[in-house]
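Chemist: For reference, the file protein_32.pdb (PDB, C-alpha atoms, pLDDT in the B column) is included below:
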```pdb
MODEL        1
ATOM      1  CA  MET R   1      22.407   4.412 -17.512  1.00 48.00           C
ATOM      2  CA  LYS R   2      19.972   2.519 -15.311  1.00 55.00           C
ATOM      3  CA  TYR R   3      16.352   2.705 -16.475  1.00 62.00           C
ATOM      4  CA  LYS R   4      14.087   4.524 -14.054  1.00 69.00           C
ATOM      5  CA  ASP R   5      10.483   3.430 -13.789  1.00 75.00           C
ATOM      6  CA  SER R   6       7.723   5.777 -12.615  1.00 79.00           C
ATOM      7  CA  ASP R   7       8.111   4.769  -8.960  1.00 79.00           C
ATOM      8  CA  ASP R   8      11.873   5.392  -9.117  1.00 86.00           C
ATOM      9  CA  ILE R   9      11.363   8.876 -10.549  1.00 90.00           C
ATOM     10  CA  CYS R  10       8.677   9.806  -8.012  1.00 90.00           C
ATOM     11  CA  HIS R  11      10.813   8.541  -5.133  1.00 88.00           C
ATOM     12  CA  GLU R  12      13.872  10.437  -6.374  1.00 93.00           C
ATOM     13  CA  LEU R  13      11.956  13.690  -6.784  1.00 95.00           C
ATOM     14  CA  LEU R  14      10.309  13.317  -3.386  1.00 93.00           C
ATOM     15  CA  GLN R  15      13.724  12.829  -1.769  1.00 93.00           C
ATOM     16  CA  GLU R  16      15.055  15.897  -3.593  1.00 95.00           C
ATOM     17  CA  MET R  17      12.174  17.932  -2.163  1.00 96.00           C
ATOM     18  CA  LYS R  18      12.553  16.502   1.339  1.00 93.00           C
ATOM     19  CA  THR R  19      16.316  16.414   1.897  1.00 93.00           C
ATOM     20  CA  GLY R  20      18.000  17.091  -1.446  1.00 94.00           C
ATOM     21  CA  GLN R  21      18.565  19.950  -3.842  1.00 93.00           C
ATOM     22  CA  TYR R  22      15.051  21.362  -3.452  1.00 96.00           C
ATOM     23  CA  ALA R  23      14.725  20.925   0.319  1.00 95.00           C
ATOM     24  CA  ASP R  24      14.813  24.679   0.934  1.00 94.00           C
ATOM     25  CA  CYS R  25      12.735  25.662  -2.099  1.00 95.00           C
ATOM     26  CA  ASP R  26       9.114  26.767  -2.217  1.00 95.00           C
ATOM     27  CA  ARG R  27       8.850  25.801  -5.886  1.00 95.00           C
ATOM     28  CA  LEU R  28      10.415  23.366  -8.317  1.00 96.00           C
ATOM     29  CA  PRO R  29      12.490  24.713 -11.221  1.00 95.00           C
ATOM     30  CA  ARG R  30      11.325  24.856 -14.813  1.00 94.00           C
ATOM     31  CA  GLU R  31      10.558  21.561 -16.528  1.00 93.00           C
ATOM     32  CA  THR R  32      13.634  21.678 -18.779  1.00 94.00           C
ATOM     33  CA  GLU R  33      15.962  22.144 -15.806  1.00 95.00           C
ATOM     34  CA  LEU R  34      14.164  19.563 -13.662  1.00 95.00           C
ATOM     35  CA  ALA R  35      14.089  16.942 -16.439  1.00 94.00           C
ATOM     36  CA  GLU R  36      17.815  17.407 -17.031  1.00 94.00           C
ATOM     37  CA  HIS R  37      18.563  17.113 -13.317  1.00 93.00           C
ATOM     38  CA  LEU R  38      16.601  13.848 -13.056  1.00 93.00           C
ATOM     39  CA  GLY R  39      17.977  12.502 -16.339  1.00 92.00           C
ATOM     40  CA  ILE R  40      14.570  11.900 -17.931  1.00 92.00           C
ATOM     41  CA  SER R  41      12.518  13.303 -20.806  1.00 92.00           C
ATOM     42  CA  ARG R  42      10.057  16.159 -20.298  1.00 92.00           C
ATOM     43  CA  THR R  43       7.233  13.750 -21.208  1.00 93.00           C
ATOM     44  CA  ARG R  44       8.132  11.405 -18.360  1.00 93.00           C
ATOM     45  CA  LEU R  45       8.640  14.369 -16.060  1.00 93.00           C
ATOM     46  CA  ARG R  46       5.147  15.673 -16.825  1.00 94.00           C
ATOM     47  CA  ASP R  47       3.693  12.244 -15.992  1.00 94.00           C
ATOM     48  CA  THR R  48       5.553  12.304 -12.666  1.00 94.00           C
ATOM     49  CA  LEU R  49       4.421  15.837 -11.855  1.00 94.00           C
ATOM     50  CA  ALA R  50       0.826  14.921 -12.706  1.00 94.00           C
ATOM     51  CA  GLN R  51       0.993  12.000 -10.255  1.00 92.00           C
ATOM     52  CA  LEU R  52       2.487  14.139  -7.487  1.00 93.00           C
ATOM     53  CA  GLU R  53      -0.187  16.778  -8.088  1.00 93.00           C
ATOM     54  CA  ARG R  54      -2.936  14.155  -7.778  1.00 91.00           C
ATOM     55  CA  GLU R  55      -1.361  13.142  -4.472  1.00 89.00           C
ATOM     56  CA  GLY R  56      -1.362  16.754  -3.292  1.00 92.00           C
ATOM     57  CA  VAL R  57       2.425  17.003  -2.919  1.00 94.00           C
ATOM     58  CA  ILE R  58       2.686  19.809  -5.482  1.00 95.00           C
ATOM     59  CA  THR R  59       0.346  22.346  -7.067  1.00 95.00           C
ATOM     60  CA  ARG R  60       0.929  23.604 -10.605  1.00 93.00           C
ATOM     61  CA  ARG R  61      -0.413  27.075 -11.328  1.00 92.00           C
ATOM     62  CA  HIS R  62      -0.193  28.882 -14.661  1.00 89.00           C
ATOM     63  CA  GLY R  63       2.072  31.896 -14.399  1.00 89.00           C
ATOM     64  CA  VAL R  64       3.270  30.882 -10.934  1.00 91.00           C
ATOM     65  CA  GLY R  65       5.025  27.536 -11.432  1.00 93.00           C
ATOM     66  CA  THR R  66       5.142  24.278  -9.504  1.00 96.00           C
ATOM     67  CA  ILE R  67       4.558  24.926  -5.806  1.00 96.00           C
ATOM     68  CA  ILE R  68       5.836  22.420  -3.226  1.00 96.00           C
ATOM     69  CA  ASN R  69       3.154  21.748  -0.605  1.00 95.00           C
ATOM     70  CA  ARG R  70       5.421  21.168   2.378  1.00 95.00           C
ATOM     71  CA  HIS R  71       2.485  20.665   4.743  1.00 94.00           C
ATOM     72  CA  VAL R  72       1.630  17.578   2.654  1.00 93.00           C
ATOM     73  CA  LEU R  73       5.214  16.512   2.038  1.00 91.00           C
ATOM     74  CA  GLN R  74       5.883  16.321   5.777  1.00 88.00           C
ATOM     75  CA  VAL R  75       3.088  13.816   6.444  1.00 85.00           C
ATOM     76  CA  LYS R  76       4.627  10.427   7.282  1.00 78.00           C
ATOM     77  CA  ASN R  77       1.688   8.128   6.524  1.00 77.00           C
ATOM     78  CA  ARG R  78      -1.396   8.790   4.421  1.00 79.00           C
ATOM     79  CA  MET R  79      -4.346   6.457   4.467  1.00 76.00           C
ATOM     80  CA  ASP R  80      -5.480   7.729   1.051  1.00 77.00           C
ATOM     81  CA  MET R  81      -2.279   6.382  -0.529  1.00 76.00           C
ATOM     82  CA  GLU R  82      -1.036   2.826  -0.960  1.00 73.00           C
ATOM     83  CA  PHE R  83       1.853   1.922   1.357  1.00 78.00           C
ATOM     84  CA  GLU R  84       3.281  -1.488   2.150  1.00 87.00           C
ATOM     85  CA  PHE R  85       2.801  -2.627   5.757  1.00 90.00           C
ATOM     86  CA  LEU R  86       6.512  -2.606   6.579  1.00 90.00           C
ATOM     87  CA  ASP R  87       6.866   0.916   5.186  1.00 88.00           C
ATOM     88  CA  ILE R  88       3.932   2.107   7.323  1.00 89.00           C
ATOM     89  CA  ILE R  89       5.563   0.684  10.446  1.00 92.00           C
ATOM     90  CA  ARG R  90       8.953   2.138   9.518  1.00 90.00           C
ATOM     91  CA  ASN R  91       7.450   5.565   8.803  1.00 86.00           C
ATOM     92  CA  ASN R  92       5.934   5.560  12.282  1.00 88.00           C
ATOM     93  CA  GLY R  93       9.388   5.191  13.815  1.00 89.00           C
ATOM     94  CA  TYR R  94       9.518   1.430  14.496  1.00 94.00           C
ATOM     95  CA  GLU R  95      11.675  -1.387  13.164  1.00 95.00           C
ATOM     96  CA  PRO R  96       9.414  -3.568  10.968  1.00 95.00           C
ATOM     97  CA  ALA R  97       9.534  -7.317  10.442  1.00 95.00           C
ATOM     98  CA  ILE R  98       7.317 -10.264   9.539  1.00 95.00           C
ATOM     99  CA  SER R  99       7.025 -12.763  12.374  1.00 91.00           C
ATOM    100  CA  LYS R 100       4.462 -15.211  10.998  1.00 91.00           C
ATOM    101  CA  VAL R 101       3.337 -16.094   7.497  1.00 95.00           C
ATOM    102  CA  GLN R 102       1.197 -19.018   6.395  1.00 94.00           C
ATOM    103  CA  LEU R 103      -0.733 -20.200   3.338  1.00 95.00           C
ATOM    104  CA  THR R 104      -3.806 -22.374   3.705  1.00 96.00           C
ATOM    105  CA  GLU R 105      -6.141 -23.851   1.093  1.00 96.00           C
ATOM    106  CA  GLU R 106      -9.851 -23.711   1.851  1.00 96.00           C
ATOM    107  CA  LYS R 107     -13.305 -23.911   0.311  1.00 97.00           C
ATOM    108  CA  ALA R 108     -15.056 -20.579  -0.105  1.00 97.00           C
ATOM    109  CA  ASP R 109     -17.799 -20.078   2.450  1.00 97.00           C
ATOM    110  CA  PRO R 110     -20.910 -18.090   1.415  1.00 97.00           C
ATOM    111  CA  PHE R 111     -19.418 -14.824   2.726  1.00 97.00           C
ATOM    112  CA  CYS R 112     -16.109 -15.070   0.792  1.00 96.00           C
ATOM    113  CA  ALA R 113     -17.897 -16.475  -2.249  1.00 97.00           C
ATOM    114  CA  ASN R 114     -20.139 -13.411  -2.314  1.00 97.00           C
ATOM    115  CA  ILE R 115     -17.191 -11.029  -1.920  1.00 97.00           C
ATOM    116  CA  LEU R 116     -15.106 -12.713  -4.638  1.00 97.00           C
ATOM    117  CA  GLN R 117     -18.180 -13.331  -6.818  1.00 97.00           C
ATOM    118  CA  ILE R 118     -17.532 -17.069  -7.071  1.00 97.00           C
ATOM    119  CA  SER R 119     -19.557 -20.155  -6.187  1.00 97.00           C
ATOM    120  CA  PRO R 120     -19.544 -21.419  -2.569  1.00 97.00           C
ATOM    121  CA  GLY R 121     -17.126 -24.336  -2.252  1.00 97.00           C
ATOM    122  CA  THR R 122     -14.703 -22.936  -4.858  1.00 98.00           C
ATOM    123  CA  GLU R 123     -11.079 -23.602  -3.915  1.00 98.00           C
ATOM    124  CA  ILE R 124      -9.487 -20.492  -2.422  1.00 98.00           C
ATOM    125  CA  VAL R 125      -6.158 -19.600  -0.845  1.00 97.00           C
ATOM    126  CA  CYS R 126      -5.670 -17.558   2.320  1.00 97.00           C
ATOM    127  CA  ILE R 127      -2.285 -16.010   3.096  1.00 97.00           C
ATOM    128  CA  THR R 128      -1.958 -14.768   6.681  1.00 97.00           C
ATOM    129  CA  ARG R 129       0.810 -12.487   7.925  1.00 96.00           C
ATOM    130  CA  VAL R 130       1.737 -10.849  11.205  1.00 97.00           C
ATOM    131  CA  CYS R 131       3.900  -7.744  10.943  1.00 96.00           C
ATOM    132  CA  THR R 132       5.780  -6.530  14.006  1.00 97.00           C
ATOM    133  CA  ALA R 133       6.951  -3.116  15.211  1.00 96.00           C
ATOM    134  CA  ASP R 134      10.102  -3.306  17.321  1.00 96.00           C
ATOM    135  CA  GLY R 135       9.371  -6.993  17.805  1.00 95.00           C
ATOM    136  CA  LYS R 136       5.757  -6.526  18.964  1.00 96.00           C
ATOM    137  CA  PRO R 137       2.798  -7.670  16.807  1.00 97.00           C
ATOM    138  CA  ALA R 138       1.276  -4.629  15.092  1.00 96.00           C
ATOM    139  CA  ILE R 139      -0.677  -5.846  12.031  1.00 97.00           C
ATOM    140  CA  TYR R 140      -2.538  -9.055  11.255  1.00 97.00           C
ATOM    141  CA  CYS R 141      -3.616  -9.551   7.636  1.00 97.00           C
ATOM    142  CA  GLU R 142      -5.541 -12.175   5.650  1.00 97.00           C
ATOM    143  CA  ASP R 143      -5.372 -12.079   1.826  1.00 97.00           C
ATOM    144  CA  ILE R 144      -7.912 -14.347   0.115  1.00 98.00           C
ATOM    145  CA  PHE R 145      -8.142 -15.236  -3.580  1.00 98.00           C
ATOM    146  CA  GLU R 146      -9.035 -18.098  -5.911  1.00 97.00           C
ATOM    147  CA  LYS R 147      -6.544 -20.971  -5.998  1.00 97.00           C
ATOM    148  CA  ARG R 148      -6.852 -21.170  -9.795  1.00 96.00           C
ATOM    149  CA  LEU R 149      -4.907 -17.901 -10.077  1.00 96.00           C
ATOM    150  CA  ILE R 150      -1.671 -19.593  -8.946  1.00 95.00           C
ATOM    151  CA  HIS R 151       0.371 -20.573 -12.013  1.00 92.00           C
ATOM    152  CA  GLU R 152       3.957 -20.634 -10.726  1.00 92.00           C
ATOM    153  CA  GLU R 153       5.883 -22.375  -7.944  1.00 93.00           C
ATOM    154  CA  PHE R 154       6.596 -20.185  -4.927  1.00 92.00           C
ATOM    155  CA  THR R 155       8.718 -20.113  -1.791  1.00 90.00           C
ATOM    156  CA  LEU R 156       8.298 -18.865   1.771  1.00 86.00           C
ATOM    157  CA  LYS R 157      10.117 -15.696   0.682  1.00 89.00           C
ATOM    158  CA  ASP R 158       7.426 -15.111  -1.925  1.00 91.00           C
ATOM    159  CA  LEU R 159       4.765 -15.441   0.783  1.00 91.00           C
ATOM    160  CA  GLU R 160       6.545 -12.846   2.905  1.00 90.00           C
ATOM    161  CA  ALA R 161       6.436 -10.346   0.037  1.00 89.00           C
ATOM    162  CA  PRO R 162       3.519  -7.896  -0.197  1.00 91.00           C
ATOM    163  CA  ILE R 163       0.450  -9.521  -1.738  1.00 93.00           C
ATOM    164  CA  PHE R 164       0.705  -7.322  -4.844  1.00 91.00           C
ATOM    165  CA  HIS R 165       4.192  -8.672  -5.575  1.00 91.00           C
ATOM    166  CA  PHE R 166       3.064 -12.244  -4.931  1.00 94.00           C
ATOM    167  CA  LEU R 167       0.125 -11.910  -7.323  1.00 94.00           C
ATOM    168  CA  GLN R 168       2.303 -10.410 -10.036  1.00 93.00           C
ATOM    169  CA  LYS R 169       5.063 -13.026  -9.759  1.00 94.00           C
ATOM    170  CA  VAL R 170       3.089 -16.202  -8.984  1.00 94.00           C
ATOM    171  CA  CYS R 171      -0.323 -15.459 -10.489  1.00 95.00           C
ATOM    172  CA  GLY R 172       0.486 -13.067 -13.331  1.00 94.00           C
ATOM    173  CA  VAL R 173      -2.236 -10.615 -12.289  1.00 94.00           C
ATOM    174  CA  GLU R 174      -1.960  -7.000 -11.197  1.00 93.00           C
ATOM    175  CA  ALA R 175      -4.206  -4.951  -8.951  1.00 92.00           C
ATOM    176  CA  TYR R 176      -5.340  -1.677 -10.503  1.00 91.00           C
ATOM    177  CA  MET R 177      -7.581  -0.226  -7.804  1.00 92.00           C
ATOM    178  CA  ASP R 178      -9.275  -1.142  -4.555  1.00 93.00           C
ATOM    179  CA  LEU R 179     -12.293  -0.248  -2.470  1.00 94.00           C
ATOM    180  CA  THR R 180     -11.636  -0.282   1.267  1.00 94.00           C
ATOM    181  CA  HIS R 181     -14.070  -0.149   4.166  1.00 95.00           C
ATOM    182  CA  LEU R 182     -12.725   1.038   7.534  1.00 93.00           C
ATOM    183  CA  HIS R 183     -14.259   0.464  10.916  1.00 94.00           C
ATOM    184  CA  ALA R 184     -13.324  -0.241  14.525  1.00 95.00           C
ATOM    185  CA  VAL R 185     -13.595  -3.765  15.916  1.00 97.00           C
ATOM    186  CA  ALA R 186     -12.839  -5.520  19.191  1.00 97.00           C
ATOM    187  CA  ALA R 187     -10.265  -8.314  19.114  1.00 97.00           C
ATOM    188  CA  ASN R 188     -11.804 -11.784  19.245  1.00 97.00           C
ATOM    189  CA  GLU R 189      -9.945 -14.876  20.471  1.00 97.00           C
ATOM    190  CA  LYS R 190      -8.282 -15.468  17.107  1.00 96.00           C
ATOM    191  CA  LEU R 191      -6.985 -11.903  16.821  1.00 97.00           C
ATOM    192  CA  SER R 192      -6.014 -11.953  20.487  1.00 97.00           C
ATOM    193  CA  GLU R 193      -3.771 -14.952  19.832  1.00 96.00           C
ATOM    194  CA  PHE R 194      -2.111 -13.604  16.676  1.00 96.00           C
ATOM    195  CA  LEU R 195      -1.592 -10.066  17.972  1.00 97.00           C
ATOM    196  CA  GLU R 196      -0.835 -11.087  21.577  1.00 96.00           C
ATOM    197  CA  ILE R 197      -3.419  -8.707  23.038  1.00 96.00           C
ATOM    198  CA  PRO R 198      -6.374  -9.142  25.407  1.00 97.00           C
ATOM    199  CA  VAL R 199      -9.736 -10.115  23.939  1.00 97.00           C
ATOM    200  CA  GLY R 200     -11.768  -6.953  23.423  1.00 97.00           C
ATOM    201  CA  THR R 201      -8.814  -4.704  22.564  1.00 96.00           C
ATOM    202  CA  PRO R 202      -9.926  -2.021  20.037  1.00 95.00           C
ATOM    203  CA  LEU R 203      -8.457  -2.489  16.548  1.00 96.00           C
ATOM    204  CA  LEU R 204      -8.690  -0.650  13.247  1.00 94.00           C
ATOM    205  CA  ASN R 205     -10.102  -3.038  10.646  1.00 96.00           C
ATOM    206  CA  MET R 206      -9.677  -2.421   6.916  1.00 95.00           C
ATOM    207  CA  GLU R 207     -11.598  -4.673   4.508  1.00 96.00           C
ATOM    208  CA  GLU R 208     -10.238  -4.297   1.002  1.00 96.00           C
ATOM    209  CA  ILE R 209     -11.410  -5.615  -2.358  1.00 97.00           C
ATOM    210  CA  ASP R 210      -8.901  -5.257  -5.203  1.00 97.00           C
ATOM    211  CA  TYR R 211      -9.756  -5.165  -8.902  1.00 96.00           C
ATOM    212  CA  ASP R 212      -7.739  -5.503 -12.102  1.00 95.00           C
ATOM    213  CA  ILE R 213      -7.880  -2.883 -14.844  1.00 94.00           C
ATOM    214  CA  ASP R 214     -10.904  -4.617 -16.387  1.00 94.00           C
ATOM    215  CA  GLY R 215     -12.887  -4.436 -13.149  1.00 95.00           C
ATOM    216  CA  ASN R 216     -12.509  -8.105 -12.236  1.00 96.00           C
ATOM    217  CA  ILE R 217     -12.083  -8.929  -8.541  1.00 97.00           C
ATOM    218  CA  ILE R 218      -8.603 -10.263  -7.772  1.00 96.00           C
ATOM    219  CA  PHE R 219      -8.537 -10.658  -4.017  1.00 97.00           C
ATOM    220  CA  TYR R 220     -10.156  -9.772  -0.719  1.00 98.00           C
ATOM    221  CA  SER R 221      -8.119  -8.635   2.269  1.00 97.00           C
ATOM    222  CA  ARG R 222      -8.861  -8.289   5.988  1.00 97.00           C
ATOM    223  CA  GLN R 223      -6.354  -6.165   7.883  1.00 96.00           C
ATOM    224  CA  TYR R 224      -6.222  -5.418  11.608  1.00 97.00           C
ATOM    225  CA  PHE R 225      -4.043  -2.671  13.100  1.00 96.00           C
ATOM    226  CA  ILE R 226      -3.115  -2.086  16.747  1.00 95.00           C
ATOM    227  CA  ASP R 227      -3.738   1.612  17.274  1.00 88.00           C
ATOM    228  CA  GLU R 228      -0.684   2.424  19.393  1.00 84.00           C
ATOM    229  CA  PHE R 229       1.701   1.853  16.481  1.00 84.00           C
ATOM    230  CA  PHE R 230      -0.002   4.023  13.859  1.00 83.00           C
ATOM    231  CA  ASP R 231      -0.639   7.650  13.059  1.00 79.00           C
ATOM    232  CA  GLN R 232      -2.478   8.054   9.748  1.00 79.00           C
ATOM    233  CA  THR R 233      -3.554  11.146   7.805  1.00 84.00           C
ATOM    234  CA  VAL R 234      -6.098  11.484   4.993  1.00 85.00           C
ATOM    235  CA  LEU R 235      -5.800  14.183   2.339  1.00 86.00           C
ATOM    236  CA  ARG R 236      -9.040  15.348   0.710  1.00 84.00           C
ATOM    237  CA  LYS R 237      -9.110  17.910  -2.071  1.00 80.00           C
ATOM    238  CA  LYS R 238     -12.022  20.276  -2.463  1.00 76.00           C
ATOM    239  CA  LEU R 239     -13.333  19.822  -5.996  1.00 64.00           C
TER     240      LEU R 239
ENDMDL
END
```
Would you encode the structure as structure tokens?

Modeler:
Amino acid sequence: MKYKDSDDICHELLQEMKTGQYADCDRLPRETELAEHLGISRTRLRDTLAQLEREGVITRRHGVGTIINRHVLQVKNRMDMEFEFLDIIRNNGYEPAISKVQLTEEKADPFCANILQISPGTEIVCITRVCTADGKPAIYCEDIFEKRLIHEEFTLKDLEAPIFHFLQKVCGVEAYMDLTHLHAVAANEKLSEFLEIPVGTPLLNMEEIDYDIDGNIIFYSRQYFIDEFFDQTVLRKKL
């Protein structure tokens, strides 16, 4: 039997709730029945249910059971959850692809040095990507981190992979959490060229700093989204 990691189990259960055995149900079955159906232990099932509850997909209530929140389940893209760029584009109904990817080596300027908490002039790497939706540029992204983190050889295919996969495979580091600042910007000449849009076009800018489990900064990311391709939702629980 193939081993299922946490992501596999969550994905399988989500699909069961969306289009599978539980598509017409208001609640999930008892844990024993659900664990048997998924082919996992009750301990692993409880971990999965806890994750889905944190994400708002289900609500567990004593004496009532596990309620499926279909109003949440039907949301295609959520800004409060981590999705890969190509998945975001696909979920919005477009065919995703990567049209441009490049790695450059630079010296950290005062701004990046301050963000990464390193000395100005430290060797850094910048990976740039352009993601397309139905062949049109939709996202431009810059991922910046210290060059010293690179320990393995890599290929163009590795550069095309999401930055989290690249860091795990080539650098041996893993992002645990991030802090992201969102604001609107107008496209400058550089963004105009990469995204093939007029200078001044409004864009959604996300500036992200990712940390490892010990709180050390791993990388800094600048992401620019063309509004016409995206519909995002944020879920906020009342504590």

Chemist: Could you tell me which of R:Ser119, R:Asn92, R:Asn216, R:Thr59 comes closest to Ala133 (chain R) if we count all atoms listed in the file?

Modeler: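 Closest residue, counting all atoms listed in the file: R:Asn92.
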
Chemist: From the set R:Lys136, R:Lys107, R:Arg60, R:Lys169, which residue has the shortest atom-to-atom contact distance to Leu149 (chain R), counting only C-alpha atoms?

Modeler: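 Once distances to Leu149 (chain R) are computed over only C-alpha atoms, the minimum belongs to R:Lys169.
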
Chemist: Just the residues within 9 Å of Glu152 (chain R), please, counting all atoms listed in the file, with nothing from its chain fewer than 4 positions along; format it as a list in words.

Modeler: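 In the requested format, the answer is Lys169, Val170, Cys171 and Gly172 of chain R.
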
Chemist: To one decimal in Å, tell me the separation between CA of Lys100 (chain R) and CA of Leu116 (chain R).

Modeler: 25.2 Å

Chemist: What does the distance between CA of Pro120 (chain R) and CA of Asp158 (chain R) come to in Å, to one decimal place?

Modeler: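 Computed distance, CA of Pro120 (chain R) to CA of Asp158 (chain R), equals 27.7 Å.
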
Chemist: Using Å and a single decimal, report how far CA of Ile217 (chain R) sits from CA of Ile88 (chain R).

Modeler: 25.1 Å

Chemist: When distances are computed from only C-alpha atoms, which of R:Arg27, R:His181, R:Ala175, R:Val72 shows the smallest separation from Lys237 (chain R)?

Modeler: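 Counting only C-alpha atoms, the residue closest to Lys237 (chain R) is R:Val72.
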
Chemist: So what does the PyMOL selection byres ((chain R and resi 115) around 9) actually pick up in this one, as a list in words?

Modeler: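 That selection, the PyMOL selection byres ((chain R and resi 115) around 9), comes back as Pro110, Phe111, Cys112, Ala113, Asn114, Leu116, Gln117, Ile118, Ile209, Ile217, Phe219 and Tyr220 of chain R.
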
Chemist: Take every atom of region 170-187 of chain R listed in the file, pad by 4 Å on each side, and give me the axis-aligned box centre and edge lengths in Å, one decimal, as AutoDock Vina command-line options.

Modeler:
```
--center_x -5.6 --center_y -7.6 --center_z 2.9 --size_x 25.3 --size_y 25.2 --size_z 40.5
```

Chemist: At a cut-off of 10 Å, can you tabulate as CSV every residue of region 6-91 of chain R near region 159-167 of chain R together with its closest atom pair and the distance in Å to one decimal, using all atoms listed in the file and ordering rows by chain then number?

Modeler:
```
residue,atom,partner,partner_atom,distance
R:Glu84,CA,R:Pro162,CA,6.8
R:Phe85,CA,R:Pro162,CA,8.0
R:Leu86,CA,R:Pro162,CA,9.1
```

Chemist: Mind writing the picked residues with C-alpha atoms as a PDB file, in the coordinates of the input?

Modeler:
```pdb
ATOM      1  CA  GLU R  84       3.281  -1.488   2.150  1.00 87.00           C
ATOM      2  CA  PHE R  85       2.801  -2.627   5.757  1.00 90.00           C
ATOM      3  CA  LEU R  86       6.512  -2.606   6.579  1.00 90.00           C
TER       4      LEU R  86
END
```

Chemist: For Ile124 (chain R), please output as JSON, numbers by chain all residues within 6 Å (counting only C-alpha atoms; exclusion window: fewer than 3 positions along the same chain).

Modeler: {"R": [105, 106, 107, 145, 146, 147]}

Chemist: List as a ChimeraX atom specification the protein and nucleic acid residues near region 9-17 of chain R, meaning an atom at most 10 Å away when all atoms listed in the file are counted, but skip any in the same chain fewer than 5 places from it.

Modeler: /R:3-4,22-28,34,37-40,44-45,47-49,51-52,57,68-70,73

Chemist: Using only C-alpha atoms and a cutoff of 6 Å, can you tell me which residues are near (-7.8, -0.8, 16.7) in the file's coordinates, and write them out as a VMD selection string?

Modeler: chain R and resid 184 202 to 204 225 to 227

Chemist: On this structure, which residues satisfy the PyMOL selection byres ((chain R and resi 143) around 6), written as a PyMOL selection string?

Modeler: chain R and resi 126-127+142+144+220-221

Chemist: Could you check which residues have any atom within 12 Å of (-8.8, 2.3, -6.1), counting all atoms listed in the file with coordinates taken straight from the file, and then list them as a PDB file with C-alpha atoms, in the coordinates of the input?

Modeler:
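Final output, saved to point.pdb:
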```
ATOM      1  CA  ASP R  80      -5.480   7.729   1.051  1.00 77.00           C
ATOM      2  CA  MET R  81      -2.279   6.382  -0.529  1.00 76.00           C
ATOM      3  CA  GLU R  82      -1.036   2.826  -0.960  1.00 73.00           C
ATOM      4  CA  ALA R 175      -4.206  -4.951  -8.951  1.00 92.00           C
ATOM      5  CA  TYR R 176      -5.340  -1.677 -10.503  1.00 91.00           C
ATOM      6  CA  MET R 177      -7.581  -0.226  -7.804  1.00 92.00           C
ATOM      7  CA  ASP R 178      -9.275  -1.142  -4.555  1.00 93.00           C
ATOM      8  CA  LEU R 179     -12.293  -0.248  -2.470  1.00 94.00           C
ATOM      9  CA  THR R 180     -11.636  -0.282   1.267  1.00 94.00           C
ATOM     10  CA  HIS R 181     -14.070  -0.149   4.166  1.00 95.00           C
ATOM     11  CA  GLU R 208     -10.238  -4.297   1.002  1.00 96.00           C
ATOM     12  CA  ILE R 209     -11.410  -5.615  -2.358  1.00 97.00           C
ATOM     13  CA  ASP R 210      -8.901  -5.257  -5.203  1.00 97.00           C
ATOM     14  CA  TYR R 211      -9.756  -5.165  -8.902  1.00 96.00           C
ATOM     15  CA  ASP R 212      -7.739  -5.503 -12.102  1.00 95.00           C
ATOM     16  CA  ILE R 213      -7.880  -2.883 -14.844  1.00 94.00           C
ATOM     17  CA  GLY R 215     -12.887  -4.436 -13.149  1.00 95.00           C
ATOM     18  CA  ILE R 217     -12.083  -8.929  -8.541  1.00 97.00           C
TER      19      ILE R 217
END
```

Chemist: Taking 3 positions as the minimum chain separation for residues in the same chain, which residues sit within 7 Å of Met206 (chain R) when counting only C-alpha atoms? Answer as number ranges by chain.

Modeler: R: 180-183, 222-224

Chemist: Applied to the shown file, which residues does the PyMOL selection byres ((chain R and resi 98) around 9) return, written as a ChimeraX atom specification?

Modeler: /R:86,96-97,99-101,129-132,137,160

Chemist: Would you save the residues of that selection, restricted to C-alpha atoms, as an mmCIF file, keeping the file's coordinate frame?

Modeler:
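Dumped to selection.cif:
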```cif
data_model
loop_
_atom_site.group_PDB
_atom_site.id
_atom_site.type_symbol
_atom_site.label_atom_id
_atom_site.label_comp_id
_atom_site.auth_asym_id
_atom_site.auth_seq_id
_atom_site.Cartn_x
_atom_site.Cartn_y
_atom_site.Cartn_z
ATOM 1 C CA LEU R 86 6.512 -2.606 6.579
ATOM 2 C CA PRO R 96 9.414 -3.568 10.968
ATOM 3 C CA ALA R 97 9.534 -7.317 10.442
ATOM 4 C CA SER R 99 7.025 -12.763 12.374
ATOM 5 C CA LYS R 100 4.462 -15.211 10.998
ATOM 6 C CA VAL R 101 3.337 -16.094 7.497
ATOM 7 C CA ARG R 129 0.810 -12.487 7.925
ATOM 8 C CA VAL R 130 1.737 -10.849 11.205
ATOM 9 C CA CYS R 131 3.900 -7.744 10.943
ATOM 10 C CA THR R 132 5.780 -6.530 14.006
ATOM 11 C CA PRO R 137 2.798 -7.670 16.807
ATOM 12 C CA GLU R 160 6.545 -12.846 2.905
#
```

Chemist: Taking into account all atoms listed in the file, which residue in the set R:Phe154, R:Asn91, R:Pro198, R:Val64 is nearest to Asn77 (chain R)?

Modeler: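 Distance minimum relative to Asn77 (chain R) lands on R:Asn91.
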